[in-house]
Structure formats: C-alpha cells, structure tokens
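Raw contents of work05.csv, CSV, C-alpha atoms and all ligand atoms:
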```csv
chain,number,residue,atom,x,y,z
A,25,MET,CA,-16.6,16.4,-8.4
A,26,SER,CA,-17.3,12.8,-7.5
A,27,ASP,CA,-15.3,12.7,-4.2
A,28,LEU,CA,-17.3,10.7,-1.7
A,29,ALA,CA,-14.8,11.0,1.2
A,30,ARG,CA,-15.6,12.5,4.5
A,31,ARG,CA,-12.1,13.4,5.7
A,32,PHE,CA,-11.2,13.6,9.3
A,33,LYS,CA,-11.0,17.2,10.5
A,34,GLN,CA,-7.9,16.2,12.5
A,35,ASN,CA,-6.0,15.3,9.2
A,36,PRO,CA,-3.1,14.7,9.0
A,37,ILE,CA,-3.4,12.4,12.0
A,38,LEU,CA,0.3,11.3,11.9
A,39,SER,CA,3.4,13.2,10.6
A,40,PRO,CA,7.1,12.2,10.4
A,41,THR,CA,7.9,14.2,13.6
A,42,ASP,CA,5.5,11.9,15.6
A,43,ILE,CA,7.7,8.9,15.0
A,44,VAL,CA,11.2,8.3,16.5
A,45,PRO,CA,13.8,7.1,14.0
A,46,SER,CA,14.7,3.5,14.1
A,47,THR,CA,18.4,4.2,14.3
A,48,PRO,CA,20.5,7.2,15.6
A,49,GLY,CA,21.6,9.5,12.8
A,50,MET,CA,18.5,8.8,10.7
A,51,GLU,CA,15.6,11.1,10.2
A,52,VAL,CA,12.0,10.0,9.5
A,53,THR,CA,11.4,11.6,6.1
A,54,CYS,CA,8.0,10.3,5.3
A,55,LEU,CA,5.1,8.3,6.8
A,56,LEU,CA,3.1,6.3,4.2
A,57,ASN,CA,0.4,3.9,3.4
A,58,PRO,CA,-0.5,1.9,6.6
A,59,GLY,CA,-2.0,-1.5,6.9
A,60,VAL,CA,-4.9,-1.5,9.3
A,61,PHE,CA,-6.3,-4.2,11.7
A,62,THR,CA,-8.0,-4.7,15.0
A,63,TYR,CA,-6.3,-6.6,17.8
A,64,ARG,CA,-7.1,-6.8,21.6
A,65,GLU,CA,-9.9,-4.2,21.2
A,66,LYS,CA,-7.6,-1.6,19.7
A,67,LEU,CA,-7.2,-0.3,16.2
A,68,TRP,CA,-3.7,-0.7,14.8
A,69,LEU,CA,-1.8,0.8,11.9
A,70,LEU,CA,1.2,-0.9,10.5
A,71,LEU,CA,2.9,2.3,9.2
A,72,ARG,CA,5.5,2.5,6.4
A,73,VAL,CA,8.3,4.6,7.9
A,74,ALA,CA,10.7,6.0,5.3
A,75,GLU,CA,14.1,7.1,6.6
A,76,ARG,CA,17.4,8.5,5.4
A,77,PRO,CA,20.4,10.1,7.1
A,78,VAL,CA,20.1,13.7,8.0
A,79,GLN,CA,21.1,15.4,4.7
A,80,THR,CA,24.1,17.7,4.3
A,81,ALA,CA,24.0,20.6,1.8
A,82,GLY,CA,25.1,19.7,-1.7
A,83,ARG,CA,25.1,15.9,-1.1
A,84,THR,CA,22.5,13.1,-1.3
A,85,SER,CA,22.8,10.2,1.0
A,86,PHE,CA,20.5,7.2,1.6
A,87,PRO,CA,20.6,3.9,3.4
A,88,VAL,CA,20.6,0.4,2.1
A,89,LEU,CA,20.8,-2.8,4.1
A,90,THR,CA,23.5,-5.3,3.7
A,91,GLU,CA,22.4,-9.0,3.3
A,92,ASP,CA,23.4,-9.6,7.0
A,93,GLY,CA,21.2,-6.7,8.2
A,94,LYS,CA,23.6,-3.9,8.7
A,95,ILE,CA,22.8,-0.4,7.4
A,96,SER,CA,25.2,1.0,4.9
A,97,ILE,CA,25.0,4.6,3.7
A,98,LEU,CA,25.6,5.5,0.0
A,99,GLU,CA,26.4,9.2,-0.7
A,100,PHE,CA,26.7,11.2,-3.9
A,101,ASP,CA,27.7,14.7,-4.7
A,102,ASN,CA,24.7,16.6,-6.2
A,103,ALA,CA,27.0,18.1,-8.9
A,104,ASP,CA,28.0,14.7,-10.2
A,105,PRO,CA,26.7,14.5,-13.8
A,106,ALA,CA,25.9,10.8,-13.4
A,107,LEU,CA,23.3,11.7,-10.7
A,108,ASP,CA,19.7,12.1,-11.6
A,109,LEU,CA,17.3,13.3,-8.8
A,110,ALA,CA,14.3,14.3,-11.0
A,111,ASP,CA,11.9,12.0,-9.1
A,112,PRO,CA,12.1,12.7,-5.4
A,113,ARG,CA,11.5,9.0,-4.6
A,114,ILE,CA,14.5,7.7,-6.7
A,115,VAL,CA,18.2,8.3,-6.8
A,116,ARG,CA,19.3,7.4,-10.3
A,117,TYR,CA,23.1,7.0,-10.6
A,118,ASP,CA,24.8,6.0,-13.8
A,119,GLY,CA,21.6,4.3,-15.0
A,120,ARG,CA,21.0,2.4,-11.8
A,121,ASP,CA,18.0,3.1,-9.6
A,122,TYR,CA,18.1,3.4,-5.8
A,123,LEU,CA,15.5,4.7,-3.4
A,124,THR,CA,16.0,8.1,-1.7
A,125,THR,CA,14.7,6.6,1.6
A,126,MET,CA,14.6,3.1,3.1
A,127,SER,CA,11.3,2.0,4.5
A,128,HIS,CA,10.4,-0.3,7.4
A,129,LEU,CA,7.1,-1.1,9.2
A,130,ARG,CA,6.1,0.3,12.5
A,131,LEU,CA,3.1,-0.6,14.8
A,132,VAL,CA,1.0,2.2,16.4
A,133,SER,CA,-2.4,1.7,18.1
A,134,SER,CA,-5.4,3.7,19.1
A,135,THR,CA,-8.6,3.5,21.1
A,136,ASP,CA,-10.4,6.2,19.1
A,137,GLY,CA,-9.0,5.7,15.5
A,138,ILE,CA,-7.6,9.3,15.5
A,139,HIS,CA,-4.9,9.4,18.1
A,140,PHE,CA,-2.2,6.8,17.7
A,141,THR,CA,0.8,6.0,19.8
A,142,GLN,CA,3.6,3.4,19.6
A,143,PRO,CA,2.9,0.9,22.4
A,144,GLU,CA,5.8,-0.2,24.7
A,145,GLY,CA,7.4,-3.4,23.6
A,146,THR,CA,6.7,-3.2,19.9
A,147,SER,CA,9.7,-3.1,17.6
A,148,PRO,CA,10.2,-1.8,14.1
A,149,ILE,CA,9.8,-4.6,11.5
A,150,LEU,CA,12.9,-4.2,9.2
A,151,GLY,CA,13.8,-5.7,5.8
A,152,LYS,CA,15.9,-8.8,6.0
A,153,GLY,CA,18.1,-10.6,3.5
A,154,ALA,CA,19.0,-10.2,-0.2
A,155,LEU,CA,15.5,-9.4,-1.4
A,156,GLU,CA,14.8,-6.6,1.0
A,157,THR,CA,18.0,-4.6,1.0
A,158,PHE,CA,16.2,-1.4,-0.1
A,159,GLY,CA,13.5,-1.9,2.6
A,160,ILE,CA,9.9,-3.1,2.9
A,161,GLU,CA,6.8,-1.1,2.0
A,162,ASP,CA,3.0,-0.7,1.9
A,163,CYS,CA,2.0,-3.7,4.0
A,164,ARG,CA,-1.6,-5.0,3.7
A,165,VAL,CA,-2.8,-6.8,6.8
A,166,SER,CA,-5.5,-9.4,6.2
A,167,GLN,CA,-7.1,-11.2,9.1
A,168,ILE,CA,-8.0,-14.8,8.3
A,169,GLU,CA,-9.6,-16.3,11.4
A,170,SER,CA,-7.1,-15.7,14.2
A,171,GLN,CA,-4.1,-15.3,11.9
A,172,TYR,CA,-2.9,-12.0,10.4
A,173,CYS,CA,-1.3,-12.2,6.9
A,174,LEU,CA,1.1,-9.4,6.1
A,175,THR,CA,1.8,-8.9,2.4
A,176,TYR,CA,4.3,-6.2,1.6
A,177,THR,CA,6.5,-4.9,-1.1
A,178,ALA,CA,10.1,-6.2,-0.8
A,179,VAL,CA,12.6,-3.9,-2.6
A,180,SER,CA,16.2,-4.6,-3.6
A,181,LEU,CA,18.5,-4.4,-6.6
A,182,ASN,CA,17.0,-7.8,-7.6
A,183,GLY,CA,13.6,-6.1,-8.2
A,184,VAL,CA,10.3,-5.4,-6.5
A,185,GLY,CA,8.3,-8.4,-5.3
A,186,VAL,CA,5.7,-9.4,-2.6
A,187,GLY,CA,6.8,-10.8,0.7
A,188,LEU,CA,4.6,-12.6,3.2
A,189,LYS,CA,4.7,-12.8,7.0
A,190,THR,CA,2.1,-14.2,9.4
A,191,THR,CA,1.4,-13.8,13.0
A,192,SER,CA,-1.3,-14.4,15.5
A,193,ASP,CA,0.0,-12.4,18.5
A,194,TRP,CA,2.1,-9.6,16.9
A,195,SER,CA,5.1,-10.8,18.9
A,196,ALA,CA,6.2,-14.0,17.1
A,197,ILE,CA,6.2,-13.1,13.4
A,198,GLN,CA,6.9,-15.9,10.8
A,199,ASP,CA,8.7,-15.1,7.6
A,200,HIS,CA,7.5,-17.0,4.5
A,201,GLY,CA,9.8,-15.2,2.0
A,202,MET,CA,8.8,-13.9,-1.4
A,203,ILE,CA,5.4,-15.3,-2.6
A,204,LEU,CA,5.2,-13.3,-5.9
A,205,PRO,CA,8.5,-12.5,-7.6
A,206,PRO,CA,9.4,-9.2,-9.4
A,207,HIS,CA,8.0,-7.1,-10.7
A,208,ASN,CA,5.0,-7.4,-8.4
A,209,LYS,CA,3.4,-5.4,-5.6
A,210,ASP,CA,0.0,-4.2,-4.2
A,211,CYS,CA,-1.0,-7.7,-3.0
A,212,ALA,CA,-4.1,-8.0,-0.8
A,213,ILE,CA,-5.3,-11.4,0.4
A,214,PHE,CA,-9.1,-11.9,0.7
A,215,GLU,CA,-10.1,-12.5,4.4
A,216,GLU,CA,-12.3,-15.4,3.6
A,217,GLN,CA,-11.8,-18.5,1.4
A,218,ILE,CA,-14.0,-19.0,-1.6
A,219,ASP,CA,-14.9,-22.6,-2.4
A,220,GLY,CA,-12.0,-23.9,-0.4
A,221,LEU,CA,-9.3,-21.6,-1.9
A,222,TYR,CA,-7.6,-18.4,-0.8
A,223,TYR,CA,-7.6,-15.5,-3.2
A,224,ALA,CA,-5.3,-12.5,-3.6
A,225,LEU,CA,-5.2,-9.4,-5.7
A,226,HIS,CA,-1.8,-8.4,-7.0
A,227,ARG,CA,-0.1,-6.1,-9.5
A,228,PRO,CA,2.6,-7.5,-11.8
A,229,SER,CA,4.1,-5.0,-14.2
A,230,SER,CA,4.8,-5.8,-17.8
A,231,PRO,CA,5.6,-2.4,-19.3
A,232,GLU,CA,6.7,-3.4,-22.8
A,233,LEU,CA,3.7,-5.5,-23.7
A,234,GLY,CA,0.9,-5.1,-21.2
A,235,GLY,CA,1.1,-2.6,-18.3
A,236,ASN,CA,0.4,-2.1,-14.7
A,237,TYR,CA,-2.8,-4.1,-14.2
A,238,ILE,CA,-4.6,-5.8,-11.3
A,239,TRP,CA,-4.6,-9.5,-11.3
A,240,ILE,CA,-6.2,-12.2,-9.1
A,241,ALA,CA,-4.6,-15.5,-8.0
A,242,GLU,CA,-5.7,-18.5,-6.0
A,243,SER,CA,-3.9,-20.7,-3.4
A,244,PRO,CA,-4.6,-23.8,-1.3
A,245,ASP,CA,-2.2,-22.7,1.5
A,246,LEU,CA,-1.4,-18.9,1.2
A,247,LEU,CA,2.2,-19.8,0.0
A,248,HIS,CA,1.7,-21.2,-3.5
A,249,TRP,CA,-0.2,-19.0,-5.9
A,250,GLY,CA,-1.5,-20.0,-9.3
A,251,ASN,CA,-4.3,-19.6,-11.8
A,252,HIS,CA,-3.4,-16.0,-12.3
A,253,ARG,CA,-5.9,-13.9,-14.2
A,254,CYS,CA,-5.9,-10.2,-15.2
A,255,ILE,CA,-9.0,-8.5,-13.9
A,256,ALA,CA,-8.6,-4.7,-14.3
A,257,ARG,CA,-6.4,-2.9,-16.8
A,258,THR,CA,-5.5,0.8,-16.9
A,259,ARG,CA,-7.9,3.0,-19.0
A,260,PRO,CA,-6.0,5.4,-21.2
A,261,GLY,CA,-7.0,9.0,-20.8
A,262,MET,CA,-8.9,8.3,-17.5
A,263,TRP,CA,-8.0,8.9,-13.9
A,264,ASP,CA,-6.5,5.4,-13.8
A,265,GLY,CA,-4.8,5.6,-17.2
A,266,ALA,CA,-1.2,4.7,-16.2
A,267,ARG,CA,-1.3,2.6,-13.1
A,268,VAL,CA,-3.8,0.7,-11.0
A,269,GLY,CA,-3.2,-1.4,-7.9
A,270,ALA,CA,-5.3,-3.0,-5.2
A,271,GLY,CA,-5.8,-1.3,-1.8
A,272,ALA,CA,-6.5,-3.6,1.3
A,273,ALA,CA,-8.5,-6.8,1.3
A,274,PRO,CA,-11.9,-6.4,-0.4
A,275,VAL,CA,-15.0,-6.1,1.8
A,276,ARG,CA,-17.9,-8.4,1.4
A,277,THR,CA,-21.2,-6.7,0.4
A,278,GLU,CA,-24.5,-8.3,-0.8
A,279,GLN,CA,-23.7,-7.1,-4.3
A,280,GLY,CA,-20.1,-8.5,-4.4
A,281,TRP,CA,-16.6,-8.0,-3.1
A,282,LEU,CA,-15.9,-4.2,-3.0
A,283,GLU,CA,-12.3,-3.4,-3.6
A,284,VAL,CA,-11.0,0.2,-3.2
A,285,TYR,CA,-8.0,0.6,-5.5
A,286,HIS,CA,-5.6,3.3,-6.5
A,287,GLY,CA,-5.3,4.6,-10.0
A,288,ALA,CA,-2.7,7.1,-11.4
A,289,THR,CA,-2.4,9.2,-14.5
A,290,LYS,CA,0.9,9.3,-16.5
A,291,HIS,CA,1.5,12.6,-14.5
A,292,ASN,CA,1.5,10.5,-11.3
A,293,ARG,CA,-1.8,11.9,-9.9
A,294,TYR,CA,-3.0,9.1,-7.5
A,295,CYS,CA,-6.7,8.8,-6.8
A,296,LEU,CA,-9.0,6.1,-5.3
A,297,GLY,CA,-11.7,4.3,-7.1
A,298,ALA,CA,-13.5,0.9,-6.6
A,299,LEU,CA,-14.1,-2.4,-8.3
A,300,LEU,CA,-17.0,-4.7,-7.6
A,301,LEU,CA,-16.1,-8.4,-7.9
A,302,ASP,CA,-18.5,-11.4,-8.1
A,303,LEU,CA,-18.9,-13.0,-4.7
A,304,ASP,CA,-18.4,-16.6,-6.0
A,305,GLU,CA,-16.2,-15.9,-9.0
A,306,PRO,CA,-14.1,-13.0,-7.9
A,307,TRP,CA,-12.2,-12.8,-11.2
A,308,LYS,CA,-15.4,-11.4,-12.7
A,309,VAL,CA,-15.6,-7.6,-12.4
A,310,LEU,CA,-19.2,-6.5,-12.1
A,311,ALA,CA,-18.7,-2.7,-11.9
A,312,ARG,CA,-16.0,-0.1,-11.6
A,313,SER,CA,-15.6,3.6,-10.8
A,314,GLU,CA,-15.8,5.7,-13.9
A,315,ARG,CA,-14.6,8.7,-11.8
A,316,PRO,CA,-12.6,8.6,-8.6
A,317,ILE,CA,-14.3,8.2,-5.3
A,318,MET,CA,-11.5,10.3,-3.7
A,319,GLU,CA,-8.9,12.6,-5.3
A,320,PRO,CA,-6.2,14.9,-3.9
A,321,THR,CA,-7.9,18.2,-3.1
A,322,GLU,CA,-6.7,19.2,0.4
A,323,PRO,CA,-3.3,21.0,0.8
A,324,TYR,CA,-1.8,18.0,2.6
A,325,GLU,CA,-2.8,15.8,-0.4
A,326,THR,CA,-1.6,18.1,-3.2
A,327,THR,CA,1.8,19.0,-1.8
A,328,GLY,CA,4.3,17.0,0.3
A,329,PHE,CA,7.2,14.7,-0.4
A,330,PHE,CA,5.5,13.6,-3.7
A,331,GLY,CA,2.4,15.7,-4.2
A,332,GLU,CA,-1.0,14.8,-5.7
A,333,VAL,CA,-1.1,11.4,-4.1
A,334,ILE,CA,-3.8,9.6,-2.2
A,335,PHE,CA,-2.7,6.0,-1.6
A,336,THR,CA,-4.5,3.4,0.6
A,337,ASN,CA,-3.8,-0.1,1.7
A,338,GLY,CA,-5.7,-0.3,4.9
A,339,HIS,CA,-9.3,0.2,6.2
A,340,LEU,CA,-11.7,-0.5,8.9
A,341,ARG,CA,-15.2,-1.7,8.1
A,342,LYS,CA,-18.2,-1.3,10.5
A,343,GLY,CA,-21.5,-2.0,8.8
A,344,ASP,CA,-22.0,0.5,6.1
A,345,GLU,CA,-19.1,2.7,7.3
A,346,LEU,CA,-15.6,2.2,5.7
A,347,THR,CA,-12.8,4.2,7.3
A,348,ILE,CA,-9.9,4.4,4.9
A,349,TYR,CA,-6.5,5.3,6.3
A,350,TYR,CA,-4.2,6.6,3.6
A,351,GLY,CA,-0.9,8.2,2.8
A,352,ALA,CA,-1.2,11.7,1.5
A,353,SER,CA,1.5,13.1,-0.7
A,354,ASP,CA,3.8,10.3,0.4
A,355,LEU,CA,4.4,12.4,3.6
A,356,VAL,CA,1.6,12.1,6.2
A,357,ILE,CA,-1.1,9.7,7.3
A,358,CYS,CA,-4.8,10.7,7.0
A,359,ALA,CA,-8.2,9.1,7.3
A,360,ALA,CA,-11.6,9.5,5.7
A,361,LYS,CA,-15.0,7.8,6.1
A,362,PHE,CA,-17.1,6.5,3.3
A,363,SER,CA,-20.5,5.0,3.1
A,364,ILE,CA,-20.3,1.6,1.4
A,365,ALA,CA,-23.8,2.1,-0.1
A,366,GLU,CA,-22.7,5.4,-1.6
A,367,ILE,CA,-19.6,3.8,-3.2
A,368,LEU,CA,-21.8,1.0,-4.6
A,369,ALA,CA,-24.3,3.5,-5.9
A,370,SER,CA,-21.6,5.4,-7.7
A,371,LEU,CA,-20.4,2.2,-9.4
A,372,SER,CA,-23.7,1.1,-10.8
A,373,GLU,CA,-23.8,4.2,-13.0
A,374,ALA,CA,-20.4,3.2,-14.4
A,375,ALA,CA,-21.0,-0.5,-14.7
A,376,ALA,CA,-21.7,-0.7,-18.4
A,377,GLU,CA,-18.4,0.8,-19.4
A,378,ALA,CA,-16.3,-0.6,-16.6
A,379,ARG,CA,-15.9,-4.2,-17.7
A,401,LIG,C1,3.9,3.8,-5.7
A,401,LIG,C2,4.3,3.2,-4.4
A,401,LIG,C3,3.5,3.8,-3.3
A,401,LIG,C4,3.5,5.4,-3.4
A,401,LIG,C5,3.1,5.8,-4.8
A,401,LIG,C6,3.2,7.3,-5.0
A,401,LIG,O1,2.7,3.3,-6.2
A,401,LIG,O2,5.7,3.3,-4.1
A,401,LIG,O3,4.1,3.5,-2.0
A,401,LIG,O4,2.7,5.9,-2.4
A,401,LIG,O5,3.9,5.1,-5.7
A,401,LIG,O6,4.5,7.7,-4.9
```
In structure tokens, write the structure found in this file.
Amino acid sequence: MSDLARRFKQNPILSPTDIVPSTPGMEVTCLLNPGVFTYREKLWLLLRVAERPVQTAGRTSFPVLTEDGKISILEFDNADPALDLADPRIVRYDGRDYLTTMSHLRLVSSTDGIHFTQPEGTSPILGKGALETFGIEDCRVSQIESQYCLTYTAVSLNGVGVGLKTTSDWSAIQDHGMILPPHNKDCAIFEEQIDGLYYALHRPSSPELGGNYIWIAESPDLLHWGNHRCIARTRPGMWDGARVGAGAAPVRTEQGWLEVYHGATKHNRYCLGALLLDLDEPWKVLARSERPIMEPTEPYETTGFFGEVIFTNGHLRKGDELTIYYGASDLVICAAKFSIAEILASLSEAAAEAR
C-alpha cells in the first residue's frame, strides 16, 4: 500500500445535508470536488453542489437551465425502454446524454480548516447561458497576485468545456466565457508566470485516436491559450490507465512543480498521484507516481453516489504540508494531509519509468 495520506479523523467534513438547496423543491444530492483558497484570513472552499428535484418512485427527473437562466425539469418513466440509467451520473435517453444532477458552485469558509459554514451574503454561483445549461462543475481557484482565477467545467448539450471567471473581492465576479472548447476539463492555471507567460494544465479528450491526457498551454493574458503540448498520457494496465486529469494549480518545490492529479482505471476507480514538472520548462515531466499516493480505502471513499472515487481540485500548502480537500465517492467532502517531501520521495523511485 503506497497511500501517503493522513486523513482527517473528522471525515467526511461536509455532507449534502449541511447545505441548503439553491431553489425550493430541489434536494442537494451530492457535494463534490471543491476549489480551495485563502481570503481575509479564512480558508474557503468553492464547493460543487449537485442538485435534482426530490425524486418520486418509478420516475427520474433532473433539472436543466434554459438559456435565459430559468430551471426546467425533465422527467422520464423508469419503465421507458429508451431510458438507460446504468451510470448513476448520467441519464441516457434515446441515445442522448443528460446529467442526473445539475451542479453549481457554493462558497463556505472556515477558521480551522475542518468546520465550514456558508457566510451571510454569499450567493450560489450558477451556470449561465447556452454553454452551461447542464451546470458548472469542479472549479479550480488559482490566486495570481490579488486576483482569483476560477476555471471550471461548463456542461451543456453543446459539450463539456472550460469556463473562466475572475474576481478580487468575491463579490464582483467577471465572466470571461469559455477559454477551452469541448471536449476539455480539469484546467488548473499556475499561480506564477514563467518567463512572462501564464501556464495552465488542461485535459482535452480525443477518444478515437488519442485519449484522456493531460496537456499544458501558455497564454499572455489568461484568455487566449496556445502552444498546447501533451505532457502525461494514461498508462494502460496501471492505476491511471483510462483517465488522467490535473488537480489544483501545481505547487512550487525546489525540485520542480508538483502537480497532484487524478487517475482512473477503466472500471472508474479514481486515485491520486503526482507529476513533477521542470520549473523553467513545465512541459517537461521529470517524475511521476508509479503507484497512487492516495486511493479509496475508507467506507466513505468506497461507497456513495459513485463509489471508489477520490477526486481533488483544491489544496492548501503550508511549507512541507499539503492539505488536500477532495470529493469522496462523488457524495461528501473530505480532507487529508500530505508531506510534500514524502510525495517527492515516492516519485523519485518511479522517475525512470514515468516519462
Ligand atoms: C469525472 C468528473 C468528476 C467526478 C469523476 C468521478 O472525472 O465528473 O467531477 O468526480 O468523474 O465520477
């Protein structure tokens, strides 16, 4: 067992019943994959809150947003032969895919990193417009000087892409639209420029020729991204054999940029591992986890809305300590501490095979 995580004994630290639905008639079905940042001496999570109508027996209903921002409910009879509910995350009807829940983003804050509450005056951040009608998900928050950059997954019938918002006070939030078009997600912007350019990790998918791989791109202004390069592919037969995707912004260490990423098998078992990227040429991978640094072992990680899932896109770094906040089983929010030195030491063993 290569698991390096020191899980909080209070896990799970947040569950769906801790969060009030955004709209009457909805239930909070799942809490997932928070972005993490500090602001005004507090630690904040930008939660992904997944909602659907309270379900009635024998029927499946779920919300979608209209382009003018109204919630519309679609409902199917479970006995309808055109309905496929094999994956709890997806409603497949007549060959077309919808999501069983619609996600928005919600701010909660804490003074101890364990107990979080929703401060007065903060509102849910909801999807907007034609590219977000199925909601917004898995928001990374990168702090670049005094500006927070929010990169999130925008989902609609048009596809899955990366949206960008920025703010410096968490009250006025600017929308910049879709910065990486479908199919793309798992975008994390580095918190420092390198040689005058911004860098971001992202995850286009090209399932017929190619796959679900981590790429890096550069930008002069955070809006226009180019010089895309593929830096980490899936490794057949390994813990990251079917999917990989970046977590939060990489952390700077003396040896390089340390990026904690998720990897999944073809059976959808999601674990965490790490990549070490060259400090000056971050498209160069110096080392990689041969085995996961964290895998689903606890009951709240092995069973839930979608079991066997540990997924992170947010962390807090203090010296050698990295506190990772993660979604467990696509249902609850948990946290675990790691030693950065221990992660780095685990990579050096794997370096030769990782490139
Ligand atoms: C995808 C994303 C994540 C989710 C995992 C596991 O990668 O939708 O939000 O946590 O799948 O279901």
Please find the residues contacting ligand LIG 401 (chain A) at a distance of at most 10 Å between atoms, with only C-alpha atoms and all ligand atoms counted, and report them as a PyMOL selection string. chain A and resi 55-58+72+111-113+123+127+161-163+177+209-210+267-269+286-288+292-294+329-337+350-355
Between CA of Pro228 (chain A) and CA of Pro206 (chain A), distance in Å (one decimal):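 Between these atoms lies a distance of 7.4 Å.
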Could you name the residues that touch Leu129 (chain A) at 6 Å or less, counting all atoms listed in the file, but leaving out those on the same chain fewer than 3 positions away, as an MDAnalysis selection string? chainID A and resid 71:73 148:149
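Nearest-residue note for Asp136 (chain A): choosing from A:Thr191, A:Ser170, A:Thr326, A:Thr62, the minimum distance belongs to A:Thr62, counting all atoms listed in the file.
Comparing A:Gly151, A:Ile348, A:Gln34, A:Leu70 by their smallest distance to Arg130 (chain A), the closest is A:Leu70 (using all atoms listed in the file).
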Excluding same-chain residues fewer than 4 positions from Ser134 (chain A), what lies within 8 Å of it counting only C-alpha atoms, as a PDB file with C-alpha atoms, in the coordinates of the input?
```pdb
ATOM      1  CA  LYS A  66      -7.600  -1.600  19.700  1.00  0.00           C
ATOM      2  CA  LEU A  67      -7.200  -0.300  16.200  1.00  0.00           C
ATOM      3  CA  TRP A  68      -3.700  -0.700  14.800  1.00  0.00           C
ATOM      4  CA  ILE A 138      -7.600   9.300  15.500  1.00  0.00           C
ATOM      5  CA  HIS A 139      -4.900   9.400  18.100  1.00  0.00           C
ATOM      6  CA  PHE A 140      -2.200   6.800  17.700  1.00  0.00           C
ATOM      7  CA  THR A 141       0.800   6.000  19.800  1.00  0.00           C
TER       8      THR A 141
END
```
Counting all atoms listed in the file, find the residues whose atoms lie at most 6 Å from (-7.2, 0.6, 11.4) (file coordinates) and write them out as JSON, numbers by chain. {"A": [60, 61, 67, 68, 69, 339, 340]}
